Every structure is written in structure tokens, then in C-alpha cells.
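See below for the structure under consideration.
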Amino acid sequence: MFIPRKAIALAIALIVTLPASADENLLGYVRGAETLPKGASEFYQWFTQRSDKGAGHYSALDTKTEFEYGVTDRFQVSAEVNGLAINTHGLLIDGYLPADRKTGLRARSIEFGVKYNFLSPAKDDIGLSAISSIEFGRLDPHSGQAKSEVEVELEMQVQKYFLEGQLVWVGNLGGRAAREKRKFIANLPDGFDWPVEPEMELQTRIGTGVSYRFAPGWYAGAEVLRESEYETEVGLERWSTFAGPSIHYAGQKWWATLTAFRQMRGGGEQYAGQADTRLHLIEKTKNEFRVKLGYNF
């Protein structure tokens, strides 16, 4: 059995057996505006399964192990280690997937971030926060091949409570800039494009979601996220829109969230012979499944 399935099965088992905390992520992808109180800490563990490019076999597991600390009631810092396991065969994509590859979980990148809360969703009419982060990577998240990367991200979060907090709406707007350089690969297929010169990428993302508390500690939600990528010479190069439901449980210390995400539409670059032309399947997949666990202390 491939490692990602084992990891996801373990995460689901933890969700069933562990209590949850009040300071939680209600959704899997769209982030809220709350920050940790001064002196509080939180530990996160994420698992994201990506699968199906419409041809051959493709599955990948992304992991995130993160620690956050509240410096003040409005300002928090974070550090994380990201991992990657990948299993792909029967599919070559020029410039992106150069060969079949199957690996266990490996460290992919480290990231450092800060978050500042301008308006509190609990105390003000609406919550407003900003996140800034820098990431240093060593593996390409799509192929698992060696690649050096430095990425900077900036994002704004808004959050609003309705029905005395029973219904929560969140929205995100952000972007990232990345400098990437692939490592040389010997014995590539004749004519296969694998540029090793440094590249710059600019990406924007906009997302929104709602979550409704239907029982004590239990929330049902839905979210949608659109990402677009730009390059200097061609402008908009690719875009994708994902949407799906979430289920969340929160208790005193622990919380857990499950999200099933499916690509609804996409565009831009396509690989040779791509059957479903309504989707972007070079850098994205048809399906994603995310499990998030958190513990406050």
C-alpha cells in the first residue's frame, strides 16, 4: 500500500479518537482572521492527498507540521516543515513530469511566517488580518524532482460571524512570488523540455467559504478557491477553481477538519493528449483530500 493512504487512514483514526480545541481552522483551504492570544501556542499537522491527472497514474501526499505562537493578542509567528511523497507512472508531461517516480515521505521545504490581526471578528463588526511568509524549498511539488525555490507570500483574511457565531463566513485574497531553479536530469527522452535556468512565477489566489455549527462542537462547511499563475512573457499562464465540503469537530484542546476538494474548471497550458480540456491538469489534479489536526497549549 502506498504511504499516502496509510497516512490519511491514520489521520482519520486520530480525528475519531481525539478531542478538539476552540481555536480552530473551520475550513481546509480558506483561512480565518483569528490570531492566538498572547503567550498561547498551537501545533498543526496537515495531510493533503492529490490525485488523478486524467492519464496514467498520479498521486502525491503533502504534509505540513507547523508551530504557531502568539507574541501579542494580535501578532503571531509560525514555523513549519513541509513534506512530500509521490507515486506517478505512465504519464510524461513536457517540462513538468520527466519520468515515472515513486518515493516515500521526504522533507520538501521549510517556511516562516507572521500574522497580524487589524480587526477582531469576535469584537468588531468584521475581522481583518494579514499573513506574510517566506518558504525555502528543495523538491518540486509536482514531480518530486530536485529543485531549489524561494517563495514569498502575502494574504489578507476577512471573517464575519452571523447568528451569534453559529454561522461563520471567511474570505481570502493573496498572492505569491517565487524564484525557482530545476536541477539537471540526465538521460531525458529525446526532445524533452526540462529548463534549468532560474524562473520567476507570480500567483494570485482568491477564496471564500462558510461554516455552520449544526451540533455542539460540530461544523459543516463549503469553500471555493481560485488560483491563477502569471509569467512576464505570456501573462496569464494557467488557472484553476476548486470547491468542496468540509466537516469540522472542535473541543477544548484539539480540533480536526476534513475537506474534499474537486477541480471544477481550469484553463491555460495542457499536456499532449489531455482528454478533459475543461481542467488544468499539468500542475493541478482533479481531486484533493485534506485532513488537518490542531492542538492548543
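Naming scheme: A, B, ... for chains in displayed order of the C-alpha cells; residues 1 onward per chain; ligands 1 onward as shown.
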
> When DSSP works through the backbone of this structure, what residues of range 50-236 of chain A end up as strand (DSSP E or B), shown as a PyMOL selection string?
Replying inline: chain A and resi 50-51+57-70+75-89+93+97+101-119+127-139+146-162+167-182+199-215+218-231+235-236

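Around range 45-52 of chain A, within 8 Å and counting only C-alpha atoms, the residues found are Pro4, Ala7, Ile8, Ala11, Phe43, Gly54, Ala55, His57, Tyr58, Ser59, Ala60, Leu61, Asp62, Thr63, Lys64, Thr65, Glu66, Thr285, Lys286, Asn287, Glu288, Phe289, Arg290, Val291, Lys292, Leu293 and Gly294 of chain A, once anything fewer than 2 positions away on its own chain is removed.
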
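Closest to Leu84 in chain A among A:Val114, A:Leu139, A:Leu36, A:Met200 is A:Leu139, based on only C-alpha atoms.
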
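CA of Trp194 in chain A to CA of Glu180 in chain A spans 12.8 Å [interatomic distance, one decimal].
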
>> Which residues are close to Glu283 in chain A, i.e. within 12 Å by only C-alpha atoms, leaving aside same-chain residues fewer than 4 positions away? Reply as a PyMOL selection string.
In response: chain A and resi 50-53+58+60+93-97+140-143+227-229+237-240+263+266-271+279

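Shortest atom-to-atom contact with Val158 in chain A among A:Gly175, A:Gly32, A:Gly191, A:Gly137: A:Gly32, counting only C-alpha atoms.
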
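Counting only C-alpha atoms, the residue from A:Lys253, A:Lys147, A:Arg31, A:Arg182 that sits nearest to Ser211 in chain A is A:Arg31.
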
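Once Thr208 in chain A and its same-chain neighbours fewer than 2 positions away are set aside, Val30, Val170, Gly171, Asn172, Glu223, Val224 and Leu225 of chain A remain within 7 Å of it when counting only C-alpha atoms.
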
> Which residues come within 7 Å of Leu154 in chain A, counting only C-alpha atoms, excluding same-chain residues fewer than 3 positions away, as an MDAnalysis selection string?
Replying inline: chainID A and resid 131:133 174:176

Kindly export the residues of the current selection with N, CA and C atoms, as a PDB file, in the first residue's frame.
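Wrote out04.pdb, looks like this:
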```pdb
ATOM      1  N   ILE A 131      -1.323  37.830   6.529  1.00  0.00           N
ATOM      2  CA  ILE A 131      -0.271  36.836   6.706  1.00  0.00           C
ATOM      3  C   ILE A 131       0.841  37.124   5.708  1.00  0.00           C
ATOM      4  N   SER A 132       2.083  37.050   6.169  1.00  0.00           N
ATOM      5  CA  SER A 132       3.251  37.136   5.297  1.00  0.00           C
ATOM      6  C   SER A 132       4.179  35.984   5.638  1.00  0.00           C
ATOM      7  N   SER A 133       4.755  35.338   4.609  1.00  0.00           N
ATOM      8  CA  SER A 133       5.615  34.188   4.864  1.00  0.00           C
ATOM      9  C   SER A 133       6.693  34.084   3.799  1.00  0.00           C
ATOM     10  N   GLY A 174      -4.919  36.932  -1.883  1.00  0.00           N
ATOM     11  CA  GLY A 174      -3.471  36.981  -1.706  1.00  0.00           C
ATOM     12  C   GLY A 174      -2.718  36.651  -2.964  1.00  0.00           C
ATOM     13  N   GLY A 175      -1.408  36.635  -2.805  1.00  0.00           N
ATOM     14  CA  GLY A 175      -0.541  36.324  -3.936  1.00  0.00           C
ATOM     15  C   GLY A 175       0.807  35.836  -3.446  1.00  0.00           C
ATOM     16  N   ARG A 176       1.570  35.270  -4.361  1.00  0.00           N
ATOM     17  CA  ARG A 176       2.905  34.802  -4.022  1.00  0.00           C
ATOM     18  C   ARG A 176       3.826  35.058  -5.190  1.00  0.00           C
TER      19      ARG A 176
END
```

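Closest approach to Val77 in chain A from the set A:His89, A:Arg106, A:Lys38, A:Arg101 is made by A:Lys38, with distances taken over only C-alpha atoms.
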
>> DSSP on the backbone, helix (DSSP H, G or I) only: what residues of range 7-246 of chain A does that give? Format it as a ChimeraX atom specification.
In response: /A:7-17,163-165

Could you save those same residues with N, CA, C and O atoms as a PDB file, in the first residue's frame?
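Okay, part-v4.pdb is ready:
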```
ATOM      1  N   ALA A   7      -1.035   7.222   5.671  1.00  0.00           N
ATOM      2  CA  ALA A   7      -1.043   8.466   6.450  1.00  0.00           C
ATOM      3  C   ALA A   7      -2.445   9.010   6.615  1.00  0.00           C
ATOM      4  O   ALA A   7      -2.825   9.472   7.698  1.00  0.00           O
ATOM      5  N   ILE A   8      -3.244   8.980   5.561  1.00  0.00           N
ATOM      6  CA  ILE A   8      -4.602   9.503   5.636  1.00  0.00           C
ATOM      7  C   ILE A   8      -5.461   8.630   6.550  1.00  0.00           C
ATOM      8  O   ILE A   8      -6.259   9.122   7.336  1.00  0.00           O
ATOM      9  N   ALA A   9      -5.287   7.303   6.478  1.00  0.00           N
ATOM     10  CA  ALA A   9      -6.036   6.418   7.366  1.00  0.00           C
ATOM     11  C   ALA A   9      -5.707   6.703   8.823  1.00  0.00           C
ATOM     12  O   ALA A   9      -6.590   6.709   9.687  1.00  0.00           O
ATOM     13  N   LEU A  10      -4.414   6.952   9.112  1.00  0.00           N
ATOM     14  CA  LEU A  10      -4.008   7.288  10.472  1.00  0.00           C
ATOM     15  C   LEU A  10      -4.634   8.597  10.922  1.00  0.00           C
ATOM     16  O   LEU A  10      -5.109   8.721  12.061  1.00  0.00           O
ATOM     17  N   ALA A  11      -4.635   9.592  10.056  1.00  0.00           N
ATOM     18  CA  ALA A  11      -5.201  10.892  10.410  1.00  0.00           C
ATOM     19  C   ALA A  11      -6.694  10.783  10.702  1.00  0.00           C
ATOM     20  O   ALA A  11      -7.203  11.391  11.640  1.00  0.00           O
ATOM     21  N   ILE A  12      -7.427   9.997   9.904  1.00  0.00           N
ATOM     22  CA  ILE A  12      -8.854   9.822  10.137  1.00  0.00           C
ATOM     23  C   ILE A  12      -9.095   9.134  11.480  1.00  0.00           C
ATOM     24  O   ILE A  12     -10.006   9.490  12.227  1.00  0.00           O
ATOM     25  N   ALA A  13      -8.257   8.148  11.801  1.00  0.00           N
ATOM     26  CA  ALA A  13      -8.385   7.472  13.091  1.00  0.00           C
ATOM     27  C   ALA A  13      -8.183   8.442  14.241  1.00  0.00           C
ATOM     28  O   ALA A  13      -8.883   8.393  15.259  1.00  0.00           O
ATOM     29  N   LEU A  14      -7.215   9.374  14.098  1.00  0.00           N
ATOM     30  CA  LEU A  14      -6.981  10.369  15.140  1.00  0.00           C
ATOM     31  C   LEU A  14      -8.180  11.276  15.319  1.00  0.00           C
ATOM     32  O   LEU A  14      -8.537  11.647  16.436  1.00  0.00           O
ATOM     33  N   ILE A  15      -8.823  11.645  14.220  1.00  0.00           N
ATOM     34  CA  ILE A  15      -9.981  12.531  14.301  1.00  0.00           C
ATOM     35  C   ILE A  15     -11.105  11.881  15.091  1.00  0.00           C
ATOM     36  O   ILE A  15     -11.814  12.520  15.856  1.00  0.00           O
ATOM     37  N   VAL A  16     -11.275  10.575  14.921  1.00  0.00           N
ATOM     38  CA  VAL A  16     -12.347   9.874  15.610  1.00  0.00           C
ATOM     39  C   VAL A  16     -12.077   9.786  17.112  1.00  0.00           C
ATOM     40  O   VAL A  16     -12.980   9.844  17.932  1.00  0.00           O
ATOM     41  N   THR A  17     -10.794   9.672  17.505  1.00  0.00           N
ATOM     42  CA  THR A  17     -10.467   9.360  18.894  1.00  0.00           C
ATOM     43  C   THR A  17     -10.056  10.560  19.733  1.00  0.00           C
ATOM     44  O   THR A  17     -10.058  10.478  20.950  1.00  0.00           O
ATOM     45  N   LEU A 163     -25.584  34.912  13.167  1.00  0.00           N
ATOM     46  CA  LEU A 163     -26.424  34.063  14.023  1.00  0.00           C
ATOM     47  C   LEU A 163     -25.730  33.777  15.356  1.00  0.00           C
ATOM     48  O   LEU A 163     -25.677  32.646  15.816  1.00  0.00           O
ATOM     49  N   GLU A 164     -25.174  34.849  15.951  1.00  0.00           N
ATOM     50  CA  GLU A 164     -24.477  34.756  17.231  1.00  0.00           C
ATOM     51  C   GLU A 164     -23.343  33.731  17.189  1.00  0.00           C
ATOM     52  O   GLU A 164     -23.101  33.001  18.153  1.00  0.00           O
ATOM     53  N   GLY A 165     -22.656  33.699  16.070  1.00  0.00           N
ATOM     54  CA  GLY A 165     -21.492  32.842  15.931  1.00  0.00           C
ATOM     55  C   GLY A 165     -21.775  31.456  15.400  1.00  0.00           C
ATOM     56  O   GLY A 165     -20.829  30.679  15.170  1.00  0.00           O
TER      57      GLY A 165
END
```

> So which one's closest to Tyr69 in chain A, A:Thr88, A:Thr35, A:Ser41, A:Thr241? Using only C-alpha atoms, please.
Replying inline: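 Between A:Thr88, A:Thr35, A:Ser41, A:Thr241, the residue approaching Tyr69 in chain A most closely is A:Ser41.
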
>> Can you tell me which residues surround Pro121 in chain A at a distance of at most 6 Å, considering only C-alpha atoms, apart from same-chain residues fewer than 4 positions away, and format the answer as a ChimeraX atom specification?
In response: /A:126-127,159-160

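For the pair CA of Asp124 in chain A and CA of Phe297 in chain A, the interatomic distance is 25.8 Å.
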